[in-house]
Every structure is written in structure tokens, then in C-alpha cells.
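Structure, as C-alpha cells:
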Amino acid sequence: MTVITAGAVVTARNPVHAALSLVLTFFSSAFIWMLLEAEFLAITLVLVYVGAVMVLFLFVVMMLDINIARIREGFIKFLPVGIALALIMFGLIYYVVSGDQFSLESMAAPVAKAADYSNTKELGMVLYTEYVFAFEIAAVILLVAIIAAISLTLRRRPGTRYQNPSEQMKIQKQDRLRIVKMEAEKK
Amino acid sequence: MTAFIQPNLLPALPEMVMLAMACLVLVVDLFLPQEKRGFTLLLSLITLILVGIATVYVSPASSISTFGGSFILDKLAVTLKLSVYVVTFLVFVYSRDYLKDLNIYKGEYYVLGLFAVLGMMIMISAHSFLLIYLGLELLSLSLYAMIASNRDSVTASEAAMKYFVLGALASGLLLYGISIFYGLSGTLDITELSGIIKSQAASNPVMLSFALTFIVVGLSFKLGAVPFHMWLPDVYQGSPTSVTLFIGTAPKIAGFAMAIRLLVDGMSDLQVDWSQMLTVLAVASMAIGNIIAISQTNFKRMLAYSTISHVGFILLGLLSGTELGFSSAMFYTITYAITSSVAFAVLMLLNREKHEAGEIADLRGLNDTNPWYAALLAIALFSMAGVPPTVGFYAKLTVINSVIQIDMVWLALVAVLFSVIGLFYYLRVIKAMYFDKPAENQVITIKEALDVKILLSANGLSLLLLGLFPSLLMAWCVAAFA
């Protein structure tokens with residue numbers, strides 16, 4: 001399922017269809033994680049990627065007028081390279097999984113957890129106890145990222161014209177309208 | 001699940017003070033008008049002093065580890081942290097007038113600087129892969145933003161971009177090595193890791209040295225050792241000199257700490273492997289650094305290549321794998337940071353509005369107009385070249401001594417040979433200052449603030465003082481590894 005939808009992402013003619021197929025890809029990989037008893041990762045994948053990232057992506061796709069024909073030009077040309085890369089990746093993964101380091105024989109299957117086992121709770125427990133220091137540092141890194149992004153992009157342009165709605169609301173009739181009394185024109 | 005025991009928070013007191021104060025500086029700076037920006041600087045300096053006091057207050061007699069072994073506070077950490085504070089203090093004071101000239105005198109420079117120092121503190125004290133990586137990223141992220149802070153300069157943006165991309169690549173390589181180690185050992189903790197490596201070293205040498213290679217590559221990217229040095233000259237030349245000053249000094253100390261934690265604390269049983277790798281890196285760094293520096297006309301670029309050659313010397317001390325080697329490498333790192341801060345600071349003083357001083361030609365005739373600064377720069381350059389009685393001589397001497405102690409006399413000879421070659425380009429700058437006449441249209445004006453003058457003089461003279469009495473600092477370095 002994941003592979004089919006991933007293929008659809010690349011081959012779809014319409015970029016919106018491609019983005020929607022990517023959503024489906026994420027969903028099906030979330031289910032693979034679910035099968036591996038990693039509910040937290042599965043939920044995060046759906047919430048973050050499907051919920052936030054892909055919506056943004058769709059917005060961008062819909063807002064920009066993308067020339068599909070131009071993008072598709074290289075498809076056949078680069079197809080052999082893509083297939084070769086995919087084969088190499090497959091070969092490498094196969095080699096690692098079947099080798100003596102990580103083969104099924106040397107890695108015992110993990111014991112299935114009890115039904116009331118919550119991996120979100122377990123993650124939370126270690127995150128805020130054992131790894132609290134690392135967790136705080138990660139928070140600081142995000143703070144620095146915010147500061148950096150703002151300080152690098154915020155420019156105060158003194159000359160820009162902008163609206164001030166509260167000023168606009170407070171406007172009085174007298175400020176805008178001047179009634180001039182004039183003599184009627186004589187014929 | 002085992003009950004959770006509240007970790008001992010006290011050893012991390014300096015980090016906590018730093019975080020709180022950095023946030024305070026950030027908020028206070030927001031409400032300051034541009035003409036009162038000096039208050040931000042003052043507050044940042046107070047922060048560094050406070051953190052220094054906190055570090056001395058918690059400094060232990062023997063090593064303490066907390067947060068489940070992922071955080072360590074020992075003599076090494078205390079000494080390195082204190083030297084980071086001192087160097088950053090100098091950098092902040094020196095940068096002020098330069099930033100004003102470039103119209104980028106903003107609070108962000110100091111806030112990001114403080115966060116970078118926090119990252120370095122974490123790197124110095126980290127005792128698990130996770131913390132080392134997080135500290136490194138905190139440091140790098142702040143540095144990227146600081147380099148790009150001069151938004152209107154194309155070269156600064158280019159330098160930031162290069163540093164960002166190559167830094168990300170280096171982090172990726174480091175993480176790759178870490179993940180292989182994690183796959184082999186199942187732990188991120190360095191103490192546990194060293195035990196596991198000990199038991200696996202005989203049975204699984206290929207995988208271990210494979211992972212080690214990535215770690216060493218990541219490390220040498222961050223330190224700037226050849227052949228992973230490509231970013232250094234461009235970043236040094238492109239960034240505002242105040243940021244170059246910062247990048248070239250304090251992070252080297254943190255990088256040294258990272259190397260010690262990873263290679264010495266974690267993988268001492270693989271020493272045969274990493275010694276060989278470091279030997280190659282050290283020889284290549286000294287050769288490329290010193291030879292290419294000869295052809296540079298830009299002073300900042302020349303100093304970048306000289307940094308590469310100095311990194312080679314630091315690696316010499318590390319690769320010997322003895323306590324003498326580690327302490328001499330530490331001495332070398334700290335004194336190098338102090339030395340290069342003098343060189344960059346003098347260059348910054350020469351900077352004028354509309355003209356970024358950076359060429360060696362800009363230094364011509366400095367002795368006629370400002371003999372004192374010329375003398376200070378000459379001391380710094382002599383120290384980098386390793387001429388007695390400056391501190392650089394003693395630093396080179398101990399490093400070479402440590403290499404001879406492990407019977408690698410050829411390596412010592414190579415080091416001496418390349419420092420002689422290096423002497424040439426340092427002397428060329430000194431010749432420009434003392435014997436060349438300034439160009440017709442060249443005006444040398446130095447705006448000197450009293451505090452900068454006092455600090456810079458003390459900084460320059462400390463090179464002589466440490467050169468004459470190296471045991472003042474060397475005693476600390478020896479104690480750190482005893």
C-alpha cells in the first residue's frame with residue numbers, strides 16, 4: 001500500500017493528486033508503526049505530517065501555478081537513474097538485514113507488550129525524568145531557532161504605508177468632509 | 001519500572017544561571033531603545049561573571065556525574081568553561097565599536113553569543129552522545145545566525161550558507177557514527193560505551209573502527225582539520241570580523257572538549273585506530289594550513305589557514321594518547337584562543353565605516369600611527385608563530401615534547417619544519433606594520449575606547465606573561481587530566 005501510493009506521488013499528473021497520495025503514504029506508514037506497537041510515533045506522524053505539513057504543502061501547490069509539463073520533461077530521462085538507485089538501496093538493505101549483524105537469527109523478536117501498555121506514557125515518563133536535561137536543551141535550541149529566524153528576517157521599513165484600523169474607526173465626519181457654503185451660481 | 005531518583009541539579013547550576021540570564025537579556029533588550037544598547041552589553045558581561053562565579057562555586061574536588069551519568073563536572077570541565085567565559089568576555093567588549101560601525105549593533109549578537117556559550121558549556125560537560133550532539137547543535141545554530149547577522153553583506157550570507165550546509169553535513173556524519181555505536185552497544189552513555197568497547201574490541205574490530213571513522217570525520221569537520229577544512233577560510237573571511245573573532249576562539253575550546261569526551265573518555269580502547277587517523281589529519285593540516293597561508297593577501301583568510309595549522313598541532317597533542325599530550329593540547333587550545341582574540345581585535349579596531357579592514361595591506365605603517373597596537377599585534381603574531389618568549393613557544397614545545405615521548409620523532413620533525421614555514425607569513429605581516437609605508441590614500445584612524453584599550457593591552461601582555469610563566473595555566477591543564 002505504501003509503495004503503491006508512493007509510486008502515485010511520483011507519477012500523478014496533477015500536483016494536488018500527488019500531494020493527496022503522499023497523505024495516503026504517510027497514513028499507511030503510520031499503520032506500519034502501529035503494527036510495530038509504536039502508537040506514539042504513528043499518531044505523531046498523522047498529526048504532524050498529515051495534519052500540518054501536508055496541509056501547508058497543499059496550500060503551496062494550490063497557490064503556485066506550477067507548470068506540470070516542464071516538470072515532467074525529465075521523467076523518462078531520469079527513470080533509469082531512479083531505478084538503479086532504488087535497486088542499490090534495496091540491495092544494501094537486503095545485505096544488512098540478511099548479514100550476520102542484523103539478521104533474523106541474531107535479532108530475537110521483541111516480546112509483545114500487554115494490552116494496557118501505553119508507549120506514550122512510557123515515553124513521557126523517561127522524557128521528563130531521565131532525559132529532562134536533554135529535553136530542556138532541545139527546547140533551548142528551538143528558542144534559538146526562533147530568535148535567529150526573526151532576527152534574520154524582520155526588517156523595519158520606515159517608509160512602508162500601513163493601515164491602522166483603530167485610527168480608522170475613530171474617524172469623525174468632520175475630519176473627512178468639509179462642507180463649503182457657496183453662492184448659487186447666477187444665470 | 002524502577003523508581004525515579006531526583007538527579008543532583010547542583011552541578012548544572014552554571015548552565016541554569018546562563019539560560020535564565022540569557023532569557024533575561026533577550027527580554028530586557030526588547031524594551032531598550034537603540035541608544036541604550038550598551039546596557040545589553042553590560043548585562044551580558046554581568047551574566048558571564050555570574051556564571052563564572054557559579055562555576056567556581058560548584059567546582060568539585062573530584063569528578064561528579066549527574067542526570068543518569070549524562071552530565072559530568074570535573075576539573076577539565078571547570079577549567080575549560082572558565083576559559084570559555086574569559087574569551088567570550090573579551091570578544092563581547094572588543095566587538096562593540098565594530099558592530100556600531102557596521103550598523104549591526106543589536107541585542108541579538110549578545111543573546112545569540114550567550115546561547116552559543118550555553119551550547120559550549122553543555123558540550124564541555126556532556127557525557128553522553130545525546131548531550132554532546134544537542135550542545136553542538138545549540139552552538140552551531142547560534143553561530144550560523146551570528147554570521148548572517150550582517151544581512152546586507154553578500155559575503156556574510158555566503159559564509160553563513162556555506163557554514164550551514166557543511167555544518168549540517170558534519171553533524172550528519174557525526175550522527176551516523178553515533179547511531180552505529182548505538183546499534184553496536186545499545187547505549188548513548190559514554191561511560192557505559194567505553195566498557196562495551198572494551199569487551200567488543202577484540203571480537204568486532206571492523207564495525208567499531210567503521211563507526212569511529214565517522215565520529216573522527218565529524219569531529220575534524222567541526223575543528224577544521226584538513227581535508228575537512230574547506231569551510232574555514234570562506235567563513236572567516238566572509239563573516240563580520242566580530243563574529244570571526246568569536247568563531248575562531250571559544251568554539252575551539254568546546255571542540256577540544258568534545259574530542260576529549262568522545263575519543264579519550266569513550267573510546268580509549270580504540271586508541272590505536274584513532275591515533276593513526278589523527279596523525280594523518282594532523283600532518284595534512286599543518287602542511288596545507290601553513291603552505292596555503294603563504295599565498296594569502298587577506299589577513300582574515302591568512303588567519304583561517306593559520307587556524308588550520310594550529311588545529312594540526314592540537315591534534316598532535318591528542319594523538320599521543322598520554323596525559324602529557326592531553327594537557328599540552330589543552331594548554332595549546334586555550335592559549336591559541338587568547339592569542340587569536342588579540343589579532344582579530346586589533347584588526348577590528350582598524351575597521352572604518354564603509355571600509356572593512358581585512359587585507360594585509362591595510363596594516364601597512366601601523367607602527368607609525370599606533371605603535372602600541374602594532375606592538376600588541378606583533379606579540380600575538382610572534383606567539384602564533386611560536387617565537388619565545390611568547391606563550392606560543394611554550395605551547396608548541398609541550399605538544400612536540402609529548403609526541404617525542406611516544407617515540408614519534410619524525411612527527412615532531414614535521415611539526416617543527418612546518419612551523420618554520422609558518423613563520424614566514426607571520427613575519428610578512430610584521431614587516432608590513434613596521435617597515436612598509438602606508439599608501440597615499442590610506443588613513444589609519446583608530447577609535448579607541450578606554451575599556452577596550454585596557455582589556456586589549458592586558459590580553460596582549462598576558463601572552464608574554466604566560467610565555468614567561470607557563471605553569472600559571474599549565475598547572476590547571478595538568479590537574480585536569482591527573
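Identifiers for the C-alpha cells are assigned positionally: chains receive A, B, ... in sequence, residues are indexed from 1 per chain, and ligands are indexed from 1 in the order shown.
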Please extract the residues of stretch 17-135 of chain A with a backbone DSSP assignment of helix (DSSP H, G or I) and present them as number ranges by chain. A: 17-35, 39-63, 68-72, 75-98, 119-128, 132-135
Wanna dump the chain A-chain B contacts at 7 Å for me, each residue with its shortest atom pair and the distance in Å to one decimal, counting only C-alpha atoms, ordered by chain and number, as a tab-separated table?
```
residue	atom	partner	partner_atom	distance
A:Thr129	CA	B:Phe4	CA	7.0
A:Glu130	CA	B:Gly68	CA	6.5
A:Ala134	CA	B:Leu131	CA	6.0
A:Ile137	CA	B:Leu134	CA	6.7
A:Ala138	CA	B:Leu134	CA	6.8
A:Ile141	CA	B:Leu138	CA	5.3
A:Val144	CA	B:Ser142	CA	6.7
A:Ala148	CA	B:Ala145	CA	5.4
A:Leu152	CA	B:Ser149	CA	6.5
```
Output N, CA and C atoms for every residue in that selection, as a short mmCIF file (atom, residue, chain, number, x, y, z; two decimals), in the first residue's frame.
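What follows is the written file out-v5.cif:
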```
data_model
loop_
_atom_site.label_atom_id
_atom_site.label_comp_id
_atom_site.auth_asym_id
_atom_site.auth_seq_id
_atom_site.Cartn_x
_atom_site.Cartn_y
_atom_site.Cartn_z
N THR A 129 11.94 12.56 33.11
CA THR A 129 12.74 12.18 34.27
C THR A 129 14.20 11.99 33.86
N GLU A 130 14.44 10.91 33.15
CA GLU A 130 15.82 10.57 32.87
C GLU A 130 16.46 11.54 31.88
N ALA A 134 18.42 16.80 28.57
CA ALA A 134 18.46 16.84 27.10
C ALA A 134 17.20 17.48 26.54
N ILE A 137 17.41 21.19 26.79
CA ILE A 137 18.32 21.75 25.80
C ILE A 137 17.67 21.80 24.43
N ALA A 138 16.89 20.75 24.12
CA ALA A 138 16.19 20.75 22.84
C ALA A 138 15.25 21.95 22.78
N ILE A 141 17.23 24.97 22.00
CA ILE A 141 17.60 25.02 20.58
C ILE A 141 16.46 25.60 19.76
N VAL A 144 16.39 29.30 20.24
CA VAL A 144 17.42 29.97 19.44
C VAL A 144 17.01 30.02 17.97
N ALA A 148 16.78 33.37 15.90
CA ALA A 148 17.59 33.53 14.69
C ALA A 148 16.69 33.86 13.51
N LEU A 152 16.81 37.46 11.57
CA LEU A 152 17.32 37.50 10.21
C LEU A 152 16.29 37.98 9.21
#
```
Just want the 10 Å neighbourhood of A:Val9, counted on only C-alpha atoms, with same-chain residues fewer than 5 positions away dropped. Output as a VMD selection string. chain A and resid 3 to 4 14 to 25
With only C-alpha atoms as the atoms that count, which of A:Tyr94, A:Phe133, A:Tyr162, A:Phe27 lies nearest to A:Val46?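 That would be A:Phe27, the residue with the smallest distance to A:Val46.
Of note, atom CA of B:Pro251 and atom CA of B:Phe331 are spaced 14.9 Å apart.
Interatomic distance, atom CA of B:Ile72 to atom CA of A:Tyr128: 19.4 Å.
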With only C-alpha atoms as the counted atoms, please give the residues lying no more than 12 Å from A:Lys113, apart from itself and same-chain residues fewer than 5 positions off, as a PDB file with N, CA, C and O atoms, in the first residue's frame.
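Final output, around-v3.pdb:
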```
ATOM      1  N   LEU A  35       1.551  -1.367  13.781  1.00  0.00           N
ATOM      2  CA  LEU A  35       1.774  -2.811  13.867  1.00  0.00           C
ATOM      3  C   LEU A  35       3.010  -3.124  14.691  1.00  0.00           C
ATOM      4  O   LEU A  35       3.107  -4.171  15.317  1.00  0.00           O
ATOM      5  N   LEU A  36       3.977  -2.191  14.680  1.00  0.00           N
ATOM      6  CA  LEU A  36       5.200  -2.397  15.463  1.00  0.00           C
ATOM      7  C   LEU A  36       5.016  -1.949  16.906  1.00  0.00           C
ATOM      8  O   LEU A  36       5.989  -1.801  17.639  1.00  0.00           O
ATOM      9  N   GLU A  37       3.770  -1.659  17.301  1.00  0.00           N
ATOM     10  CA  GLU A  37       3.431  -1.236  18.667  1.00  0.00           C
ATOM     11  C   GLU A  37       4.050   0.096  19.020  1.00  0.00           C
ATOM     12  O   GLU A  37       4.401   0.358  20.162  1.00  0.00           O
ATOM     13  N   ALA A  38       4.256   0.951  18.028  1.00  0.00           N
ATOM     14  CA  ALA A  38       4.756   2.289  18.336  1.00  0.00           C
ATOM     15  C   ALA A  38       3.635   3.284  18.077  1.00  0.00           C
ATOM     16  O   ALA A  38       3.650   4.008  17.087  1.00  0.00           O
ATOM     17  N   SER A 118       1.101   1.483  27.552  1.00  0.00           N
ATOM     18  CA  SER A 118       0.981   2.678  26.726  1.00  0.00           C
ATOM     19  C   SER A 118       2.349   3.220  26.431  1.00  0.00           C
ATOM     20  O   SER A 118       3.098   3.568  27.353  1.00  0.00           O
ATOM     21  N   ASN A 119       2.676   3.289  25.161  1.00  0.00           N
ATOM     22  CA  ASN A 119       4.042   3.725  24.919  1.00  0.00           C
ATOM     23  C   ASN A 119       4.177   5.227  24.965  1.00  0.00           C
ATOM     24  O   ASN A 119       5.241   5.744  25.257  1.00  0.00           O
TER      25      ASN A 119
END
```
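Each of B:Met348, B:Leu80, B:Ala159, B:Leu397 was compared to B:Thr241 using only C-alpha atoms, and B:Met348 turns out to be the nearest.
From atom CA of B:Leu10 back to atom CA of B:Val58, the distance works out to 7.1 Å.
Considering only C-alpha atoms, the residue among B:Val403, B:Lys252, B:Met384, B:Phe393 positioned nearest to B:Gly321 is B:Val403.
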Fewer than 5 positions away in the same chain doesn't count, so skip those; otherwise give me all residues within 12 Å of B:Asp29, counting only C-alpha atoms, as number ranges by chain. B: 21-24, 34-44, 105-111
